[in-house]
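With mmCIF, C-alpha atoms inside, this is query.cif:
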data_start
loop_
_atom_site.group_PDB
_atom_site.id
_atom_site.type_symbol
_atom_site.label_atom_id
_atom_site.label_comp_id
_atom_site.auth_asym_id
_atom_site.auth_seq_id
_atom_site.Cartn_x
_atom_site.Cartn_y
_atom_site.Cartn_z
ATOM 1 C CA MET A 7 51.224 -40.521 50.436
ATOM 2 C CA GLN A 8 48.993 -37.723 51.638
ATOM 3 C CA GLY A 9 47.724 -37.243 48.085
ATOM 4 C CA ALA A 10 46.838 -40.927 47.849
ATOM 5 C CA VAL A 11 44.928 -40.769 51.138
ATOM 6 C CA SER A 12 43.048 -37.691 49.925
ATOM 7 C CA ALA A 13 42.122 -39.459 46.694
ATOM 8 C CA VAL A 14 40.835 -42.485 48.609
ATOM 9 C CA SER A 15 38.833 -40.214 50.922
ATOM 10 C CA LEU A 16 37.234 -38.468 47.952
ATOM 11 C CA LEU A 17 36.378 -41.848 46.423
ATOM 12 C CA VAL A 18 34.713 -43.026 49.640
ATOM 13 C CA LEU A 19 32.795 -39.773 50.008
ATOM 14 C CA GLY A 20 31.724 -39.962 46.381
ATOM 15 C CA SER A 21 30.473 -43.526 46.851
ATOM 16 C CA ALA A 22 28.548 -42.518 49.976
ATOM 17 C CA TRP A 23 26.942 -39.643 48.086
ATOM 18 C CA LEU A 24 25.822 -42.035 45.356
ATOM 19 C CA VAL A 25 24.359 -44.424 47.931
ATOM 20 C CA HIS A 26 22.264 -41.640 49.448
ATOM 21 C CA THR A 27 21.164 -39.986 46.217
ATOM 22 C CA VAL A 28 20.354 -42.917 43.901
ATOM 23 C CA PRO A 29 16.741 -43.999 44.589
ATOM 24 C CA VAL A 30 16.224 -47.576 45.716
ATOM 25 C CA LEU A 31 13.175 -49.263 44.193
ATOM 26 C CA ILE A 32 11.610 -51.301 46.981
ATOM 27 C CA GLU A 33 8.602 -52.355 44.901
ATOM 28 C CA PRO A 34 7.931 -53.047 41.218
ATOM 29 C CA PHE A 35 6.955 -50.102 39.060
ATOM 30 C CA ILE A 36 3.560 -50.849 37.561
ATOM 31 C CA LEU A 37 1.692 -48.459 35.307
ATOM 32 C CA THR A 38 -1.982 -48.117 36.126
ATOM 33 C CA GLN A 39 -4.731 -47.086 33.725
ATOM 34 C CA GLU A 40 -4.042 -43.579 32.440
ATOM 35 C CA ASN A 41 -6.427 -40.938 33.810
ATOM 36 C CA PHE A 42 -8.099 -43.543 35.994
ATOM 37 C CA ASP A 43 -11.609 -42.537 37.062
ATOM 38 C CA LEU A 44 -12.781 -44.174 40.287
ATOM 39 C CA ALA A 45 -16.414 -43.166 39.799
ATOM 40 C CA GLN A 46 -16.605 -44.882 36.406
ATOM 41 C CA PHE A 47 -14.899 -47.951 37.867
ATOM 42 C CA MET A 48 -17.657 -48.405 40.438
ATOM 43 C CA GLY A 49 -20.765 -50.480 39.815
ATOM 44 C CA LYS A 50 -21.397 -54.063 38.797
ATOM 45 C CA TRP A 51 -18.757 -56.363 37.311
ATOM 46 C CA TYR A 52 -18.332 -60.077 36.716
ATOM 47 C CA GLU A 53 -15.096 -61.954 37.387
ATOM 48 C CA VAL A 54 -14.763 -63.994 34.187
ATOM 49 C CA ALA A 55 -11.104 -65.107 34.198
ATOM 50 C CA VAL A 56 -8.321 -65.508 36.775
ATOM 51 C CA VAL A 57 -4.784 -66.831 37.077
ATOM 52 C CA SER A 58 -2.354 -66.862 39.993
ATOM 53 C CA THR A 59 1.111 -68.084 40.940
ATOM 54 C CA CYS A 60 -0.374 -69.474 44.174
ATOM 55 C CA PRO A 61 -0.969 -73.239 43.691
ATOM 56 C CA HIS A 62 -3.534 -73.428 46.527
ATOM 57 C CA TYR A 63 -5.619 -70.625 45.016
ATOM 58 C CA MET A 64 -5.499 -72.222 41.587
ATOM 59 C CA GLN A 65 -6.505 -75.622 42.946
ATOM 60 C CA ARG A 66 -9.469 -74.072 44.743
ATOM 61 C CA LYS A 67 -10.565 -72.104 41.662
ATOM 62 C CA ARG A 68 -10.309 -75.144 39.386
ATOM 63 C CA GLY A 69 -12.636 -76.987 41.741
ATOM 64 C CA THR A 70 -15.345 -74.306 41.458
ATOM 65 C CA PRO A 71 -14.659 -72.160 38.356
ATOM 66 C CA VAL A 72 -17.846 -70.091 38.601
ATOM 67 C CA ILE A 73 -18.401 -66.501 37.542
ATOM 68 C CA VAL A 74 -18.466 -64.164 40.544
ATOM 69 C CA ALA A 75 -20.742 -61.118 40.547
ATOM 70 C CA LEU A 76 -19.078 -58.022 41.997
ATOM 71 C CA GLU A 77 -20.659 -54.815 43.269
ATOM 72 C CA LEU A 78 -18.274 -51.893 43.880
ATOM 73 C CA GLN A 79 -19.514 -48.982 45.981
ATOM 74 C CA HIS A 80 -17.715 -45.823 47.073
ATOM 75 C CA VAL A 81 -18.828 -42.948 49.284
ATOM 76 C CA ALA A 82 -17.157 -39.718 48.174
ATOM 77 C CA SER A 83 -16.189 -38.757 51.735
ATOM 78 C CA ASP A 84 -14.474 -42.099 52.448
ATOM 79 C CA GLY A 85 -10.918 -43.105 51.642
ATOM 80 C CA ASN A 86 -11.958 -46.581 50.562
ATOM 81 C CA PHE A 87 -14.531 -48.516 48.581
ATOM 82 C CA THR A 88 -16.340 -51.768 49.244
ATOM 83 C CA MET A 89 -16.439 -54.775 46.957
ATOM 84 C CA THR A 90 -19.252 -57.254 47.546
ATOM 85 C CA ALA A 91 -18.635 -60.565 45.797
ATOM 86 C CA THR A 92 -21.561 -62.904 45.181
ATOM 87 C CA SER A 93 -21.337 -66.426 43.790
ATOM 88 C CA PHE A 94 -23.859 -69.206 43.285
ATOM 89 C CA ARG A 95 -22.467 -72.484 44.583
ATOM 90 C CA ASN A 96 -23.977 -75.740 45.782
ATOM 91 C CA GLY A 97 -27.503 -74.388 45.585
ATOM 92 C CA SER A 98 -26.847 -71.303 47.683
ATOM 93 C CA CYS A 99 -25.795 -67.728 47.126
ATOM 94 C CA LYS A 100 -22.630 -66.775 49.034
ATOM 95 C CA LEU A 101 -21.484 -63.225 49.706
ATOM 96 C CA THR A 102 -18.211 -61.717 50.886
ATOM 97 C CA SER A 103 -17.457 -58.049 51.483
ATOM 98 C CA THR A 104 -14.002 -56.484 51.279
ATOM 99 C CA ASP A 105 -12.896 -52.933 52.035
ATOM 100 C CA TYR A 106 -10.262 -51.576 49.660
ATOM 101 C CA GLY A 107 -8.178 -48.609 50.773
ATOM 102 C CA LEU A 108 -7.369 -45.931 48.216
ATOM 103 C CA THR A 109 -3.743 -44.888 47.686
ATOM 104 C CA ASN A 110 -2.042 -41.792 46.308
ATOM 105 C CA THR A 111 -1.787 -43.564 42.945
ATOM 106 C CA PRO A 112 -5.069 -43.531 40.977
ATOM 107 C CA GLY A 113 -5.986 -47.087 40.039
ATOM 108 C CA ARG A 114 -4.002 -48.665 42.880
ATOM 109 C CA PHE A 115 -5.735 -50.067 45.964
ATOM 110 C CA PHE A 116 -4.825 -51.956 49.119
ATOM 111 C CA HIS A 117 -6.554 -54.529 51.277
ATOM 112 C CA HIS A 118 -5.605 -57.075 53.923
ATOM 113 C CA ILE A 119 -6.703 -60.715 54.075
ATOM 114 C CA ALA A 120 -6.715 -61.562 57.767
ATOM 115 C CA ARG A 121 -7.081 -65.344 57.492
ATOM 116 C CA PHE A 122 -3.906 -65.569 55.391
ATOM 117 C CA GLY A 123 -2.097 -62.652 57.007
ATOM 118 C CA ALA A 124 -1.607 -61.198 53.532
ATOM 119 C CA ASP A 125 -1.269 -57.600 52.357
ATOM 120 C CA VAL A 126 -2.546 -57.166 48.800
ATOM 121 C CA ASP A 127 -1.885 -54.361 46.324
ATOM 122 C CA SER A 128 -4.285 -54.199 43.363
ATOM 123 C CA PHE A 129 -3.435 -52.315 40.153
ATOM 124 C CA VAL A 130 -5.965 -51.479 37.443
ATOM 125 C CA VAL A 131 -3.662 -51.816 34.437
ATOM 126 C CA HIS A 132 -6.229 -51.733 31.616
ATOM 127 C CA CYS A 133 -9.820 -50.537 31.790
ATOM 128 C CA ASN A 134 -12.691 -49.836 29.451
ATOM 129 C CA TYR A 135 -15.268 -48.692 31.965
ATOM 130 C CA ASP A 136 -18.199 -49.830 29.832
ATOM 131 C CA GLU A 137 -16.819 -53.262 29.030
ATOM 132 C CA TYR A 138 -13.857 -54.746 30.909
ATOM 133 C CA VAL A 139 -11.072 -54.220 33.431
ATOM 134 C CA MET A 140 -7.770 -56.066 33.915
ATOM 135 C CA ILE A 141 -6.304 -56.108 37.410
ATOM 136 C CA LEU A 142 -2.869 -57.163 38.642
ATOM 137 C CA LEU A 143 -2.660 -58.218 42.297
ATOM 138 C CA LEU A 144 0.565 -58.517 44.298
ATOM 139 C CA SER A 145 0.235 -60.114 47.731
ATOM 140 C CA THR A 146 2.735 -60.683 50.535
ATOM 141 C CA GLU A 147 2.052 -63.098 53.370
ATOM 142 C CA LYS A 148 3.377 -62.261 56.823
ATOM 143 C CA PRO A 149 5.566 -63.237 58.528
ATOM 144 C CA SER A 150 6.702 -65.766 55.885
ATOM 145 C CA GLY A 151 7.205 -63.110 53.222
ATOM 146 C CA ASN A 152 5.770 -65.385 50.524
ATOM 147 C CA LYS A 153 4.809 -63.343 47.471
ATOM 148 C CA THR A 154 2.064 -64.136 44.968
ATOM 149 C CA THR A 155 1.111 -62.581 41.642
ATOM 150 C CA ALA A 156 -2.424 -62.840 40.303
ATOM 151 C CA PHE A 157 -4.436 -61.420 37.422
ATOM 152 C CA LYS A 158 -8.186 -60.977 37.165
ATOM 153 C CA LEU A 159 -10.387 -60.066 34.226
ATOM 154 C CA TYR A 160 -13.683 -58.358 35.031
ATOM 155 C CA SER A 161 -16.494 -57.719 32.563
ATOM 156 C CA ARG A 162 -19.717 -55.715 32.697
ATOM 157 C CA THR A 163 -21.396 -58.816 31.233
ATOM 158 C CA MET A 164 -20.817 -62.546 31.751
ATOM 159 C CA SER A 165 -18.627 -62.805 28.654
ATOM 160 C CA VAL A 166 -15.845 -60.905 26.915
ATOM 161 C CA ARG A 167 -14.789 -60.423 23.315
ATOM 162 C CA ALA A 168 -12.074 -62.704 21.973
ATOM 163 C CA THR A 169 -9.783 -59.704 21.411
ATOM 164 C CA VAL A 170 -10.135 -58.681 25.069
ATOM 165 C CA LEU A 171 -9.206 -62.197 26.174
ATOM 166 C CA ASP A 172 -6.179 -62.111 23.847
ATOM 167 C CA ASP A 173 -5.054 -58.830 25.455
ATOM 168 C CA PHE A 174 -5.491 -60.387 28.895
ATOM 169 C CA LYS A 175 -3.309 -63.344 27.886
ATOM 170 C CA MET A 176 -0.648 -60.951 26.594
ATOM 171 C CA LEU A 177 -0.667 -59.036 29.877
ATOM 172 C CA VAL A 178 -0.227 -62.257 31.835
ATOM 173 C CA ARG A 179 2.692 -63.357 29.652
ATOM 174 C CA GLN A 180 4.387 -59.973 29.987
ATOM 175 C CA HIS A 181 4.632 -60.562 33.724
ATOM 176 C CA GLY A 182 6.084 -64.043 33.411
ATOM 177 C CA VAL A 183 2.909 -66.014 34.097
ATOM 178 C CA SER A 184 1.726 -68.727 31.730
ATOM 179 C CA ASP A 185 -1.474 -67.768 29.943
ATOM 180 C CA GLU A 186 -2.218 -71.480 29.521
ATOM 181 C CA ALA A 187 -3.013 -71.592 33.244
ATOM 182 C CA ILE A 188 -5.818 -68.997 32.965
ATOM 183 C CA ILE A 189 -9.093 -70.252 34.423
ATOM 184 C CA MET A 190 -12.225 -69.208 32.554
ATOM 185 C CA ASN A 191 -15.091 -68.994 35.024
ATOM 186 C CA GLN A 192 -18.372 -70.625 34.063
ATOM 187 C CA ASN A 193 -21.804 -69.027 34.022
ATOM 188 C CA LYS A 194 -23.867 -70.686 36.743
ATOM 189 C CA GLY A 195 -26.470 -67.911 36.866
ATOM 190 C CA ASP A 196 -26.505 -64.397 38.293
ATOM 191 C CA ALA A 197 -26.497 -64.957 42.047
ATOM 192 C CA LEU A 198 -27.645 -61.385 42.625
ATOM 193 C CA LEU A 199 -30.897 -62.141 40.807
ATOM 194 C CA MET A 200 -31.342 -65.890 41.303
ATOM 195 C CA VAL A 201 -31.374 -67.084 44.905
ATOM 196 C CA PRO A 202 -33.127 -70.473 44.901
ATOM 197 C CA GLY A 203 -31.536 -71.572 48.137
ATOM 198 C CA PRO A 204 -30.444 -70.029 51.457
ATOM 199 C CA THR A 205 -28.023 -67.124 51.318
ATOM 200 C CA LYS A 206 -24.823 -67.377 53.320
ATOM 201 C CA THR A 207 -23.172 -64.058 54.200
ATOM 202 C CA LEU A 208 -19.513 -64.242 55.149
ATOM 203 C CA PRO A 209 -17.659 -61.646 57.246
ATOM 204 C CA LYS A 210 -15.497 -58.966 55.707
ATOM 205 C CA VAL A 211 -11.954 -59.957 54.807
#

Translate this structure into structure tokens?
Amino acid sequence: MQGAVSAVSLLVLGSAWLVHTVPVLIEPFILTQENFDLAQFMGKWYEVAVVSTCPHYMQRKRGTPVIVALELQHVASDGNFTMTATSFRNGSCKLTSTDYGLTNTPGRFFHHIARFGADVDSFVVHCNYDEYVMILLLSTEKPSGNKTTAFKLYSRTMSVRATVLDDFKMLVRQHGVSDEAIIMNQNKGDALLMVPGPTKTLPKV
């Protein structure tokens, strides 16, 4: 009887040891661009294609599928960078500015969207600094805990090669999102250069 008790005790202790030593993955493991270079990532981009699992976001984007001009700026001494997004809509140029916090993982950033109470992790998964970048975004709304996955394709110009778009579709499919839902933004003019109407500047998000 004593031997049986000892065996049970060893089994319990062994199980407890496994519980404490086996790592628990509390977030998905996503590979970012190898040897990511923040300095080369900075500068001007255009958001040319997007897709998201959030129906409200997709409905809003389908209503105004315009190319968004992006300006990324980073000060070497700061732990973040700023993205200024400019779009030309309804005869006016609209700007938004967002601060992205750097993380310990190169190519991974964080920002918070106050109006939705959402924390967003951005991952640069593929990047050709002179041509395009593909970004995966994972957001969690609080306190509901609703999670959303989104993908964005940026380009240094207002168009991308067909092969780049094919790679973007493959990336989307690999993460369980339908590539048929991808929204291709339309060229309505470079809002950073063409401002025929009043400019509306929105607060940081």

Please write out, as AutoDock Vina command-line options, where the centre of an axis-aligned box around all listed atoms of region 38-51 of chain A lies and how long its edges are, in Å to one decimal, after adding 6 Å on each side.
--center_x -11.7 --center_y -48.7 --center_z 36.4 --size_x 31.4 --size_y 27.4 --size_z 20.0

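Minimum atom-to-atom distances from A:Val139, A:Val57, A:Ala168, A:Leu44 to Thr109 (chain A) were compared using all atoms listed in the file, and the lowest value belongs to A:Leu44.
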
Subject >> Option closest in space to Cys60 (chain A), from A:Leu177, A:Ala120, A:Ala156, A:Ile188 [counting all atoms listed in the file] >> reply: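 That would be A:Ala156, the residue with the smallest distance to Cys60 (chain A).
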
Original post:
In file coordinates, which residues lie within 10 Å of (-12.5, -47.2, 46.5) using all atoms listed in the file, given as a PyMOL selection string?
Top reply: chain A and resi 44-45+47-48+78-82+84-89+105-109+112-116

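Coordinates place CA of Ile141 (chain A) at a distance of 17.8 Å from CA of Glu186 (chain A).
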
Output of the PyMOL selection byres ((chain A and resi 192) around 8), listed as a PDB file with C-alpha atoms, keeping the file's coordinate frame:
ATOM      1  CA  VAL A  54     -14.763 -63.994  34.187  1.00  0.00           C
ATOM      2  CA  PRO A  71     -14.659 -72.160  38.356  1.00  0.00           C
ATOM      3  CA  VAL A  72     -17.846 -70.091  38.601  1.00  0.00           C
ATOM      4  CA  ILE A  73     -18.401 -66.501  37.542  1.00  0.00           C
ATOM      5  CA  MET A 190     -12.225 -69.208  32.554  1.00  0.00           C
ATOM      6  CA  ASN A 191     -15.091 -68.994  35.024  1.00  0.00           C
ATOM      7  CA  ASN A 193     -21.804 -69.027  34.022  1.00  0.00           C
ATOM      8  CA  LYS A 194     -23.867 -70.686  36.743  1.00  0.00           C
TER       9      LYS A 194
END

Subject >> the PyMOL selection byres ((chain A and resi 52) around 7) applied to the shown file, residues as an MDAnalysis selection string >> reply: chainID A and resid 51 53:54 73:76 160:164

Original post:
For Ala124 (chain A), which residue out of A:Lys175, A:Arg68, A:Lys153, A:Lys100 is the nearest one, using all atoms listed in the file?
Top reply: A:Lys153

**OP:** Have a look at CA of Lys67 (chain A) and CA of Val131 (chain A) and let me know their distance in Å, one decimal.
**Re:** 22.6 Å

Original post:
If you measure from CA of Phe94 (chain A) to CA of His62 (chain A), what distance in Å do you get, rounded to one decimal?
Top reply: 21.0 Å

**OP:** Compare A:Thr111, A:Glu77, A:Thr146, A:Glu137 by their minimum atom-to-atom distance to Asp125 (chain A), counting only C-alpha atoms, and give me the closest one.
**Re:**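 Of the candidates, the smallest distance to Asp125 (chain A) is held by A:Thr146.
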
Original post:
Taking into account all atoms listed in the file, which residue in the set A:Leu142, A:Val56, A:Val178, A:Val166 is nearest to Ile36 (chain A)?
Top reply: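 Under the stated criterion, the closest residue is A:Leu142.
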
Original post:
Which residue out of A:Cys133, A:Val126, A:Ile119, A:Met140 has the minimum interatomic distance to Gln39 (chain A) when only C-alpha atoms are used?
Top reply: A:Cys133
